[in-house]
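Trainee: Structure file entry.cif, mmCIF, C-alpha atoms and all ligand atoms, is pasted below:
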```cif
data_upload
loop_
_atom_site.label_atom_id
_atom_site.label_comp_id
_atom_site.auth_asym_id
_atom_site.auth_seq_id
_atom_site.Cartn_x
_atom_site.Cartn_y
_atom_site.Cartn_z
CA GLU A 525 0.00 0.00 0.00
CA LYS A 526 1.24 3.48 -0.86
CA CYS A 527 2.04 6.07 1.79
CA ARG A 528 0.18 9.29 1.08
CA ILE A 529 2.01 12.56 1.64
CA LEU A 530 0.84 16.15 1.31
CA VAL A 531 3.02 18.92 -0.08
CA CYS A 532 1.84 22.41 0.95
CA GLY A 533 2.87 25.22 -1.39
CA GLY A 534 3.13 26.06 -5.05
CA GLY A 535 6.59 27.53 -5.51
CA ASN A 536 9.99 26.18 -6.54
CA GLY A 537 10.45 23.79 -3.64
CA ALA A 538 6.86 22.52 -3.71
CA HIS A 539 7.11 21.76 -7.42
CA CYS A 540 10.34 19.81 -6.99
CA LEU A 541 9.37 17.89 -3.86
CA SER A 542 5.98 16.86 -5.22
CA ALA A 543 7.38 15.71 -8.58
CA LEU A 544 10.29 13.94 -6.91
CA ALA A 545 8.04 12.11 -4.44
CA ALA A 546 5.44 11.25 -7.10
CA SER A 547 8.18 9.54 -9.11
CA LYS A 548 8.55 6.95 -6.32
CA ASP A 549 6.38 3.84 -6.59
CA ASN A 550 5.58 3.65 -2.89
CA LEU A 551 4.26 7.21 -2.57
CA ASP A 552 1.00 8.94 -3.43
CA VAL A 553 1.29 12.72 -3.48
CA HIS A 554 -1.33 15.37 -2.76
CA VAL A 555 -0.64 19.09 -3.16
CA LEU A 556 -2.38 21.87 -1.23
CA THR A 557 -1.74 25.38 -2.44
CA LEU A 558 -3.82 28.23 -1.07
CA TYR A 559 -2.18 31.04 -2.97
CA GLN A 560 -4.26 32.79 -5.62
CA ASP A 561 -5.26 30.42 -8.45
CA GLU A 562 -2.13 28.24 -8.25
CA ALA A 563 -4.02 25.01 -7.52
CA GLU A 564 -6.38 25.45 -10.43
CA ARG A 565 -3.62 26.34 -12.89
CA TRP A 566 -1.30 23.56 -11.77
CA ALA A 567 -4.06 20.93 -11.82
CA LYS A 568 -5.02 21.95 -15.34
CA HIS A 569 -1.46 21.55 -16.61
CA VAL A 570 -1.20 17.97 -15.37
CA GLU A 571 -4.70 16.88 -16.40
CA ASN A 572 -3.39 14.99 -19.40
CA GLU A 573 0.34 14.92 -18.91
CA ASN A 574 3.02 14.30 -16.30
CA MET A 575 5.26 16.93 -14.75
CA LYS A 576 8.86 16.89 -15.82
CA LEU A 577 11.56 17.20 -13.18
CA THR A 578 15.17 17.68 -14.26
CA ILE A 579 17.64 16.66 -11.56
CA THR A 580 21.33 17.49 -11.48
CA LYS A 581 23.09 14.79 -9.47
CA GLN A 582 26.13 15.14 -7.18
CA ASP A 583 28.44 14.15 -10.05
CA GLY A 584 27.00 16.86 -12.32
CA THR A 585 25.04 14.54 -14.62
CA GLN A 586 21.36 15.20 -15.25
CA TYR A 587 18.29 13.06 -15.61
CA ASP A 588 14.55 13.67 -15.99
CA THR A 589 11.65 12.10 -14.15
CA PHE A 590 8.04 12.21 -15.35
CA SER A 591 5.32 11.94 -12.72
CA LYS A 592 2.52 13.88 -11.13
CA PRO A 593 0.63 14.37 -7.88
CA SER A 594 -2.68 12.50 -7.75
CA LEU A 595 -4.46 15.60 -6.42
CA ILE A 596 -3.72 19.35 -6.57
CA THR A 597 -6.25 21.45 -4.71
CA LYS A 598 -6.93 24.43 -2.48
CA ASP A 599 -9.47 22.37 -0.50
CA ALA A 600 -7.71 21.36 2.73
CA ALA A 601 -10.24 18.63 3.64
CA LYS A 602 -9.71 16.81 0.35
CA ALA A 603 -5.97 17.40 0.45
CA MET A 604 -5.62 15.92 3.96
CA SER A 605 -7.63 12.76 3.34
CA GLY A 606 -5.51 9.73 4.24
CA VAL A 607 -2.32 11.75 4.62
CA GLU A 608 0.42 10.43 6.93
CA ILE A 609 3.08 13.09 6.32
CA VAL A 610 2.56 16.81 5.65
CA PHE A 611 5.40 18.87 4.18
CA LEU A 612 5.29 22.66 4.29
CA VAL A 613 7.48 23.96 1.48
CA VAL A 614 6.83 27.72 1.51
CA PRO A 615 8.61 30.78 2.93
CA ALA A 616 8.04 31.20 6.68
CA PHE A 617 5.53 34.04 6.33
CA ALA A 618 3.13 31.61 4.62
CA HIS A 619 3.32 28.81 7.24
CA ALA A 620 0.51 30.03 9.49
CA GLN A 621 -2.24 29.76 6.89
CA TYR A 622 -1.26 26.16 6.15
CA PHE A 623 -1.27 25.20 9.83
CA THR A 624 -4.71 26.78 10.12
CA ALA A 625 -6.01 25.01 7.02
CA ILE A 626 -4.80 21.52 7.94
CA ALA A 627 -5.59 21.67 11.68
CA PRO A 628 -9.25 20.52 11.52
CA HIS A 629 -8.28 17.53 9.36
CA LEU A 630 -5.17 16.36 11.23
CA GLN A 631 -5.34 12.73 12.33
CA PRO A 632 -3.35 11.42 15.31
CA ASN A 633 0.15 10.17 14.47
CA THR A 634 0.73 12.55 11.58
CA LEU A 635 4.23 13.80 10.86
CA ILE A 636 4.42 17.51 9.99
CA VAL A 637 7.65 18.61 8.33
CA GLY A 638 8.89 22.16 7.73
CA LEU A 639 11.12 21.96 4.68
CA PRO A 640 12.73 24.23 5.74
CA GLY A 641 11.26 25.10 9.16
CA GLN A 642 12.96 28.41 10.03
CA ALA A 643 12.97 29.71 13.59
CA GLY A 644 9.68 29.42 15.46
CA PHE A 645 8.18 26.80 13.11
CA GLU A 646 7.40 24.31 15.86
CA LEU A 647 6.12 27.00 18.26
CA GLN A 648 3.71 28.40 15.70
CA CYS A 649 2.57 24.95 14.62
CA ARG A 650 1.83 23.91 18.22
CA HIS A 651 -0.04 27.13 18.87
CA ILE A 652 -2.27 26.80 15.82
CA ILE A 653 -2.99 23.06 15.89
CA GLY A 654 -3.55 23.22 19.67
CA ASP A 655 -4.20 19.95 21.52
CA LYS A 656 -3.53 17.96 18.38
CA ALA A 657 0.18 18.74 18.76
CA SER A 658 0.53 16.12 21.48
CA SER A 659 -0.48 13.36 19.06
CA CYS A 660 1.72 14.57 16.19
CA THR A 661 5.44 14.88 15.52
CA ILE A 662 6.75 18.21 14.23
CA ALA A 663 10.00 18.00 12.29
CA ALA A 664 11.98 20.71 10.55
CA SER A 665 15.01 20.81 8.29
CA GLU A 666 17.64 23.53 8.48
CA SER A 667 17.26 24.39 4.80
CA LEU A 668 15.62 23.22 1.61
CA PRO A 669 17.33 19.97 0.53
CA PHE A 670 18.06 21.37 -2.91
CA ALA A 671 18.67 24.55 -4.87
CA CYS A 672 15.79 24.59 -7.33
CA ARG A 673 13.67 26.61 -9.72
CA ILE A 674 10.40 26.31 -11.57
CA VAL A 675 11.12 26.22 -15.31
CA GLU A 676 7.48 26.35 -16.37
CA PHE A 677 4.75 26.58 -13.75
CA GLY A 678 2.92 23.31 -13.19
CA ARG A 679 4.86 21.54 -15.95
CA HIS A 680 8.61 21.56 -15.48
CA ALA A 681 10.95 22.19 -12.55
CA ARG A 682 14.65 21.81 -12.04
CA ILE A 683 16.76 20.67 -9.09
CA LEU A 684 20.00 22.54 -9.71
CA GLY A 685 21.92 20.83 -6.95
CA LEU A 686 21.38 18.64 -3.90
CA LYS A 687 23.02 19.43 -0.60
CA ASP A 688 25.43 16.80 0.74
CA SER A 689 23.95 16.73 4.21
CA LEU A 690 21.07 18.37 6.00
CA GLY A 691 20.15 18.60 9.68
CA MET A 692 16.63 17.81 10.80
CA SER A 693 15.03 18.03 14.23
CA ALA A 694 11.93 16.19 15.41
CA LEU A 695 9.65 17.19 18.27
CA LYS A 696 7.43 14.28 19.25
CA GLY A 697 4.16 14.86 21.04
CA LYS A 698 3.77 12.76 24.18
CA ALA A 699 0.86 10.77 22.74
CA CYS A 700 2.29 10.41 19.24
CA GLN A 701 3.14 6.96 17.97
CA LEU A 702 4.34 7.12 14.41
CA SER A 703 4.27 3.83 12.58
CA PHE A 704 7.50 4.77 10.79
CA PRO A 705 10.88 6.28 11.71
CA VAL A 706 11.13 10.03 10.96
CA VAL A 707 14.56 10.44 9.40
CA GLU A 708 14.63 7.19 7.42
CA THR A 709 11.18 7.87 6.00
CA VAL A 710 11.93 11.43 4.90
CA GLN A 711 15.24 10.18 3.51
CA GLY A 712 13.36 7.62 1.45
CA ILE A 713 11.19 10.39 -0.01
CA LEU A 714 14.16 12.63 -0.87
CA GLY A 715 16.41 9.86 -2.18
CA GLU A 716 20.10 9.35 -1.53
CA TYR A 717 21.01 13.04 -1.04
CA PRO A 718 21.14 15.09 1.05
CA LYS A 719 22.09 12.72 3.88
CA LEU A 720 19.73 13.66 6.71
CA GLU A 721 21.13 13.94 10.21
CA LEU A 722 18.84 13.86 13.22
CA LEU A 723 19.65 16.81 15.43
CA LYS A 724 19.41 16.63 19.20
CA ASN A 725 16.67 19.13 19.82
CA TYR A 726 14.70 21.76 18.01
CA ILE A 727 15.49 24.66 20.30
CA ALA A 728 19.21 24.32 19.61
CA ILE A 729 18.44 24.52 15.90
CA ASN A 730 16.22 27.55 16.38
CA LEU A 731 19.18 29.29 18.02
CA MET A 732 21.59 28.27 15.26
CA ALA A 733 19.44 29.38 12.29
CA ASP A 734 21.03 31.61 9.60
CA ALA A 735 19.09 34.42 11.17
CA ASN A 736 21.84 34.79 13.77
CA VAL A 737 24.01 36.10 10.93
CA HIS A 738 21.86 38.18 8.58
CA PRO A 739 20.31 40.82 10.90
CA PRO A 740 23.61 41.61 12.69
CA MET A 741 25.30 41.88 9.28
CA MET A 742 22.61 44.25 8.03
CA TYR A 743 22.60 46.40 11.17
CA GLY A 744 26.39 46.45 11.33
CA ARG A 745 26.63 47.69 7.75
CA TRP A 746 23.61 50.00 7.53
CA GLY A 747 22.92 51.08 11.10
CA ASN A 748 24.96 54.26 10.62
CA TRP A 749 24.37 54.65 6.88
CA ASP A 750 24.18 58.28 5.72
CA GLY A 751 21.42 57.53 3.21
CA LYS A 752 23.60 58.23 0.17
CA PRO A 753 23.24 55.72 -2.70
CA LEU A 754 26.32 53.64 -3.50
CA LYS A 755 28.05 53.21 -6.86
CA GLU A 756 28.44 49.46 -6.37
CA GLU A 757 26.75 46.70 -4.44
CA PRO A 758 28.95 46.06 -1.38
CA LEU A 759 30.19 42.52 -0.73
CA PHE A 760 28.18 40.82 1.99
CA TYR A 761 30.53 38.32 3.67
CA GLN A 762 33.81 39.35 2.12
CA GLY A 763 33.14 42.92 3.19
CA VAL A 764 32.70 42.16 6.91
CA ASP A 765 34.26 44.85 9.10
CA ASP A 766 35.20 44.99 12.79
CA ARG A 767 31.86 46.42 13.85
CA GLN A 768 29.92 43.63 12.14
CA ALA A 769 32.25 40.92 13.44
CA ASP A 770 31.91 42.29 16.95
CA LEU A 771 28.11 42.29 16.73
CA LEU A 772 28.07 38.72 15.35
CA SER A 773 30.34 37.59 18.14
CA ARG A 774 28.26 39.24 20.84
CA VAL A 775 25.08 37.66 19.46
CA SER A 776 26.82 34.27 19.46
CA GLU A 777 27.82 34.73 23.09
CA GLU A 778 24.27 35.62 24.05
CA LEU A 779 22.95 32.50 22.29
CA LEU A 780 25.58 30.33 23.99
CA ALA A 781 24.64 31.80 27.36
CA ALA A 782 20.97 31.03 26.64
CA ALA A 783 21.86 27.44 25.71
CA LYS A 784 23.84 26.96 28.94
CA ALA A 785 21.03 28.44 31.04
CA ILE A 786 18.52 26.08 29.41
CA GLU A 787 20.74 23.09 30.20
CA GLN A 788 20.88 24.26 33.80
CA LYS A 789 17.09 24.38 34.01
CA ARG A 790 16.51 21.14 32.09
CA LYS A 791 19.01 18.40 32.79
CA ASP A 792 17.33 16.22 30.15
CA VAL A 793 18.02 18.67 27.32
CA ASP A 794 21.27 18.61 25.33
CA MET A 795 22.09 22.03 23.85
CA SER A 796 25.58 21.11 22.65
CA GLU A 797 24.66 21.91 19.04
CA VAL A 798 24.65 25.61 19.92
CA ILE A 799 28.18 26.81 19.21
CA HIS A 800 29.91 30.11 18.54
CA LEU A 801 29.65 31.34 14.95
CA PHE A 802 33.46 31.35 14.59
CA ASP A 803 33.53 27.64 15.49
CA TRP A 804 30.60 26.98 13.18
CA TYR A 805 32.49 28.44 10.22
CA LYS A 806 35.63 26.47 11.02
CA ILE A 807 33.64 23.23 11.20
CA HIS A 808 31.48 23.81 8.12
CA TYR A 809 34.06 25.31 5.77
CA PRO A 810 37.34 23.64 6.79
CA ASP A 811 38.87 23.84 3.31
CA GLN A 812 37.20 26.95 1.88
CA ILE A 813 38.48 29.40 4.53
CA THR A 814 42.06 30.52 4.00
CA ASP A 815 42.53 32.71 7.09
CA LYS A 816 41.13 31.23 10.31
CA SER A 817 42.75 33.77 12.64
CA SER A 818 39.48 35.51 13.61
CA LEU A 819 35.77 35.46 12.88
CA LYS A 820 36.18 38.52 10.66
CA MET A 821 38.98 36.99 8.61
CA ALA A 822 37.25 33.61 8.37
CA MET A 823 34.21 35.28 6.84
CA ARG A 824 36.25 37.52 4.56
CA THR A 825 38.28 34.62 3.19
CA ASN A 826 35.57 31.96 2.80
CA LYS A 827 35.57 30.91 -0.87
CA ALA A 828 32.02 29.57 -0.51
CA TYR A 829 30.92 33.21 -0.23
CA ASP A 830 32.79 34.52 -3.24
CA GLY A 831 31.13 37.59 -4.71
CA LEU A 832 27.92 37.53 -2.64
CA VAL A 833 26.64 41.08 -2.24
CA HIS A 834 24.26 42.95 0.04
CA PRO A 835 20.60 42.99 -0.99
CA MET A 836 20.33 46.28 -2.87
CA VAL A 837 17.81 48.13 -5.01
CA LYS A 838 19.06 50.00 -8.07
CA THR A 839 17.84 53.59 -8.33
CA ASP A 840 18.71 56.39 -10.75
CA GLU A 841 21.21 57.73 -8.20
CA GLY A 842 22.83 54.36 -7.44
CA TYR A 843 22.31 51.36 -5.17
CA VAL A 844 20.39 51.57 -1.89
CA PRO A 845 19.96 48.75 0.64
CA ASN A 846 16.80 46.63 0.44
CA PHE A 847 15.46 46.39 3.97
CA ASN A 848 12.53 44.28 2.80
CA TYR A 849 14.75 41.43 1.66
CA ARG A 850 14.46 38.17 3.60
CA TYR A 851 17.64 38.97 5.61
CA THR A 852 15.40 41.35 7.56
CA SER A 853 11.78 40.66 6.57
CA GLU A 854 12.09 36.95 7.45
CA ASP A 855 15.17 36.79 9.64
CA VAL A 856 13.85 39.31 12.16
CA PRO A 857 10.31 38.00 12.91
CA PHE A 858 11.08 34.33 12.09
CA GLY A 859 14.66 34.49 13.27
CA MET A 860 16.22 36.85 15.75
CA VAL A 861 12.98 37.68 17.57
CA VAL A 862 12.59 33.93 18.23
CA MET A 863 16.16 33.65 19.52
CA LYS A 864 15.70 36.67 21.76
CA GLY A 865 12.47 35.14 23.09
CA ILE A 866 14.14 31.85 23.94
CA ALA A 867 16.96 33.73 25.70
CA ASP A 868 14.38 35.68 27.70
CA LEU A 869 12.74 32.47 28.92
CA ALA A 870 16.20 31.25 29.92
CA GLY A 871 16.70 34.47 31.90
CA VAL A 872 19.69 35.64 29.85
CA PRO A 873 20.14 39.35 29.04
CA THR A 874 20.69 40.10 25.32
CA PRO A 875 21.86 43.69 24.81
CA ALA A 876 23.33 43.00 21.36
CA MET A 877 20.18 41.32 20.02
CA ASP A 878 18.03 44.07 21.57
CA GLU A 879 19.99 46.76 19.74
CA ILE A 880 19.78 44.89 16.42
CA LEU A 881 16.07 44.22 16.81
CA ALA A 882 15.29 47.84 17.70
CA TRP A 883 16.87 48.87 14.41
CA GLY A 884 15.48 46.01 12.32
CA GLN A 885 11.89 46.44 13.44
CA GLN A 886 12.03 50.13 12.64
CA LYS A 887 13.18 49.32 9.08
CA LEU A 888 10.28 46.88 8.77
CA GLY A 889 7.75 49.30 10.25
CA LYS A 890 6.96 46.88 13.09
CA GLU A 891 7.26 46.82 16.86
CA TYR A 892 8.30 43.54 18.46
CA ILE A 893 10.56 44.76 21.23
CA VAL A 894 10.26 47.68 23.65
CA GLY A 895 13.56 48.30 25.41
CA SER A 896 14.69 44.77 26.25
CA LYS A 897 11.21 43.20 26.42
CA LEU A 898 9.21 41.42 23.71
CA ILE A 899 6.04 43.32 24.45
CA GLY A 900 5.72 45.34 21.22
CA LYS A 901 2.31 45.56 19.58
CA ASP A 902 3.38 43.34 16.68
CA ILE A 903 4.88 40.50 18.71
CA GLY A 904 1.93 38.33 17.65
CA LEU A 905 3.15 38.59 14.04
CA ALA A 906 6.52 37.09 14.94
CA ARG A 907 7.25 33.56 16.20
CA ALA A 908 8.87 34.02 19.58
CA PRO A 909 7.58 31.85 22.45
CA GLN A 910 6.13 35.14 23.76
CA SER A 911 4.11 35.50 20.54
CA PHE A 912 2.19 32.44 21.69
CA GLY A 913 1.90 33.28 25.39
CA MET A 914 4.70 30.99 26.58
CA THR A 915 6.38 32.01 29.81
CA SER A 916 8.79 29.20 30.77
CA VAL A 917 11.55 27.00 29.40
CA ASP A 918 9.55 23.91 30.36
CA GLU A 919 6.78 24.88 27.96
CA LEU A 920 9.26 24.70 25.09
CA PHE A 921 9.88 21.03 25.68
CA ASP A 922 6.75 19.55 27.26
CA ILE A 923 4.31 18.93 24.46
P1 LIG B 1001 9.07 30.35 -3.50
O1 LIG B 1001 9.52 31.76 -3.52
O2 LIG B 1001 9.06 29.61 -4.78
O3 LIG B 1001 7.62 30.31 -2.86
C1 LIG B 1001 6.62 30.93 -3.54
C2 LIG B 1001 5.34 30.24 -3.17
O4 LIG B 1001 4.97 30.58 -1.84
C3 LIG B 1001 4.21 30.65 -4.06
O5 LIG B 1001 4.18 29.87 -5.23
C4 LIG B 1001 3.03 30.41 -3.16
O6 LIG B 1001 2.66 29.05 -3.16
C5 LIG B 1001 3.57 30.77 -1.79
N1 LIG B 1001 3.29 32.18 -1.51
C6 LIG B 1001 3.94 33.25 -1.98
N2 LIG B 1001 3.37 34.39 -1.53
C7 LIG B 1001 2.34 34.01 -0.78
C8 LIG B 1001 1.37 34.72 -0.04
N3 LIG B 1001 1.35 36.06 0.02
N4 LIG B 1001 0.48 34.00 0.63
C9 LIG B 1001 0.50 32.67 0.60
N5 LIG B 1001 1.38 31.93 -0.09
C10 LIG B 1001 2.29 32.61 -0.76
O7 LIG B 1001 9.87 29.57 -2.37
P2 LIG B 1001 10.87 28.36 -2.61
O8 LIG B 1001 11.92 28.75 -3.54
O9 LIG B 1001 10.07 27.15 -2.85
O10 LIG B 1001 11.53 28.29 -1.17
C11 LIG B 1001 10.85 27.80 -0.02
C12 LIG B 1001 11.73 28.07 1.18
O11 LIG B 1001 12.99 27.43 0.99
C13 LIG B 1001 12.03 29.55 1.40
O12 LIG B 1001 12.07 29.78 2.78
C14 LIG B 1001 13.41 29.72 0.80
O13 LIG B 1001 14.12 30.78 1.40
C15 LIG B 1001 14.04 28.38 1.11
N6 LIG B 1001 15.11 28.01 0.18
C16 LIG B 1001 14.90 27.98 -1.17
C17 LIG B 1001 15.90 27.58 -2.04
C18 LIG B 1001 15.68 27.47 -3.52
O14 LIG B 1001 16.61 27.10 -4.24
N7 LIG B 1001 14.50 27.70 -4.04
C19 LIG B 1001 17.24 27.20 -1.53
C20 LIG B 1001 17.35 27.25 -0.09
C21 LIG B 1001 16.31 27.64 0.71
#
```
Represent the structure contained in this file as structure tokens.
Ligand code: NAI
Mentor:
Amino acid sequence: EKCRILVCGGGNGAHCLSALAASKDNLDVHVLTLYQDEAERWAKHVENENMKLTITKQDGTQYDTFSKPSLITKDAAKAMSGVEIVFLVVPAFAHAQYFTAIAPHLQPNTLIVGLPGQAGFELQCRHIIGDKASSCTIAASESLPFACRIVEFGRHARILGLKDSLGMSALKGKACQLSFPVVETVQGILGEYPKLELLKNYIAINLMADANVHPPMMYGRWGNWDGKPLKEEPLFYQGVDDRQADLLSRVSEELLAAAKAIEQKRKDVDMSEVIHLFDWYKIHYPDQITDKSSLKMAMRTNKAYDGLVHPMVKTDEGYVPNFNYRYTSEDVPFGMVVMKGIADLAGVPTPAMDEILAWGQQKLGKEYIVGSKLIGKDIGLARAPQSFGMTSVDELFDI
């Protein structure tokens, strides 16, 4: 009997995951996309033909698969019928509406996977699905498993490259009894790559998200900007200066202090995956970094970051920074605000994060933080524990 999975979303990742999974004999794939008329358009394209998926393998060779989901709809009840695993494959700002749509139809022992999750995924999911969380497992990957693009909507998508490895956390509700193992099953759906690694706990991963890098980098570069357009787009990583490196380091220290405080409060929780950013770079880019003498130099000399520039908008006068790019628009509410919130529950002061958030929220026209407290009027639009009324470390883990 086939295992039925649901893919939520209609973008690049959703196209690729649904076509990839549908190409496997043991899987039946449903798609739920709530955005505009995506479901209708996509369903029409595959009425009489399969989707084409072009995959570039690790060795650079390419192959095509031809397959299609058995159902593409915006009707959550139909989409959820008989589903054992739900994947959310949309940017973080779109997660809430999918949690809301699937909640009434969730059966016990369902696996919900954020692919990727991004900070606060589990907290928001638990809040929206309510009591049902204790009979489900909520997993999240650190990133999308592949770099990918739609070639032609509903018809053809391309996996440009698969990651070698990918971390995934799983938060099991106390009454949840999955009939299958989480990592092995998701691995079977993705194929050989990326190699999934089960991470120790989801809070550690929330603290280690990319969002601990992007907002400090943006604030460090643009916090004192004079407003004058630039002739060129400045390098993002290779242009790191002392002020940015200092901010990144201070944020790392605050996150490490939060991790230690959580371990003190909860002897059963292992937070060892939270490490300083400098160590993280040395571990993840051992061969690409040529100067490992400091965090600043490691970032400036990392070949993996060659040529990456700041998010900029071109105007008639020159380039100006784009403060609505995901480095702020996503990585503040679904990133650093979550980290700050976890640190607050742990009782750890976070002056560096507070300063960055005060600036970032102003650029976004939002208010999450007031002074050092997450009591701003827009905190409900972010995904900190405080956005969902949580007040203790225990609440993070007891589900
Ligand atoms: P995408 O940009 O293709 O997602 C667009 C889709 O999101 C739309 O088709 C629609 O289904 C939904 N959507 C957009 N606006 C919406 C709205 N206002 N309301 C409701 N739904 C809306 O995203 P993609 O490329 O699939 O990426 C998914 C996640 O994976 C993102 O967080 C992205 O940063 C991350 N990622 C993507 C990579 C890639 O190569 N595509 C690589 C690494 C990470």
Trainee: One number please: atom CA of Glu756 of chain A to atom CA of Asn826 of chain A, in Å, one decimal.
Mentor: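 Atom CA of Asn826 of chain A lies at a distance of 21.0 Å from atom CA of Glu756 of chain A.
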Trainee: What do you get as a PyMOL selection string if you pick all residues at most 7 Å from ligand LIG 1001 (chain B), counting all atoms listed in the file?
Mentor: chain A and resi 533-538+557-559+613-616+618+639-640+667-668+670-673
Trainee: Next, write the just-selected residues to a file, as a PDB file, keeping the file's coordinate frame, keeping C-alpha atoms as the atom set.
Mentor:
```pdb
ATOM      1  CA  GLY A 533       2.870  25.220  -1.390  1.00  0.00           C
ATOM      2  CA  GLY A 534       3.130  26.060  -5.050  1.00  0.00           C
ATOM      3  CA  GLY A 535       6.590  27.530  -5.510  1.00  0.00           C
ATOM      4  CA  ASN A 536       9.990  26.180  -6.540  1.00  0.00           C
ATOM      5  CA  GLY A 537      10.450  23.790  -3.640  1.00  0.00           C
ATOM      6  CA  ALA A 538       6.860  22.520  -3.710  1.00  0.00           C
ATOM      7  CA  THR A 557      -1.740  25.380  -2.440  1.00  0.00           C
ATOM      8  CA  LEU A 558      -3.820  28.230  -1.070  1.00  0.00           C
ATOM      9  CA  TYR A 559      -2.180  31.040  -2.970  1.00  0.00           C
ATOM     10  CA  VAL A 613       7.480  23.960   1.480  1.00  0.00           C
ATOM     11  CA  VAL A 614       6.830  27.720   1.510  1.00  0.00           C
ATOM     12  CA  PRO A 615       8.610  30.780   2.930  1.00  0.00           C
ATOM     13  CA  ALA A 616       8.040  31.200   6.680  1.00  0.00           C
ATOM     14  CA  ALA A 618       3.130  31.610   4.620  1.00  0.00           C
ATOM     15  CA  LEU A 639      11.120  21.960   4.680  1.00  0.00           C
ATOM     16  CA  PRO A 640      12.730  24.230   5.740  1.00  0.00           C
ATOM     17  CA  SER A 667      17.260  24.390   4.800  1.00  0.00           C
ATOM     18  CA  LEU A 668      15.620  23.220   1.610  1.00  0.00           C
ATOM     19  CA  PHE A 670      18.060  21.370  -2.910  1.00  0.00           C
ATOM     20  CA  ALA A 671      18.670  24.550  -4.870  1.00  0.00           C
ATOM     21  CA  CYS A 672      15.790  24.590  -7.330  1.00  0.00           C
ATOM     22  CA  ARG A 673      13.670  26.610  -9.720  1.00  0.00           C
TER      23      ARG A 673
END
```
Trainee: Using only C-alpha atoms, which residues sit within 10 Å of Gly644 of chain A once same-chain residues fewer than 3 positions away are excluded, as a ChimeraX atom specification?
Mentor: /A:616,641,647-650,726-727,730-731,857-863,865-866,906-909,911
Trainee: For a quick check of your reading of the model, name the residues lying within 7 Å of the coordinate (2.1, 38.6, 22.3), counting all atoms listed in the file, and write them as an MDAnalysis selection string.
Mentor: chainID A and resid 899 903:904 910:913
Trainee: Find the residue from A:Cys700, A:Cys527, A:Ile652, A:Ile683 that sits nearest to Asn550 of chain A; use all atoms listed in the file when measuring.
Mentor: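 Closest candidate: A:Cys527.
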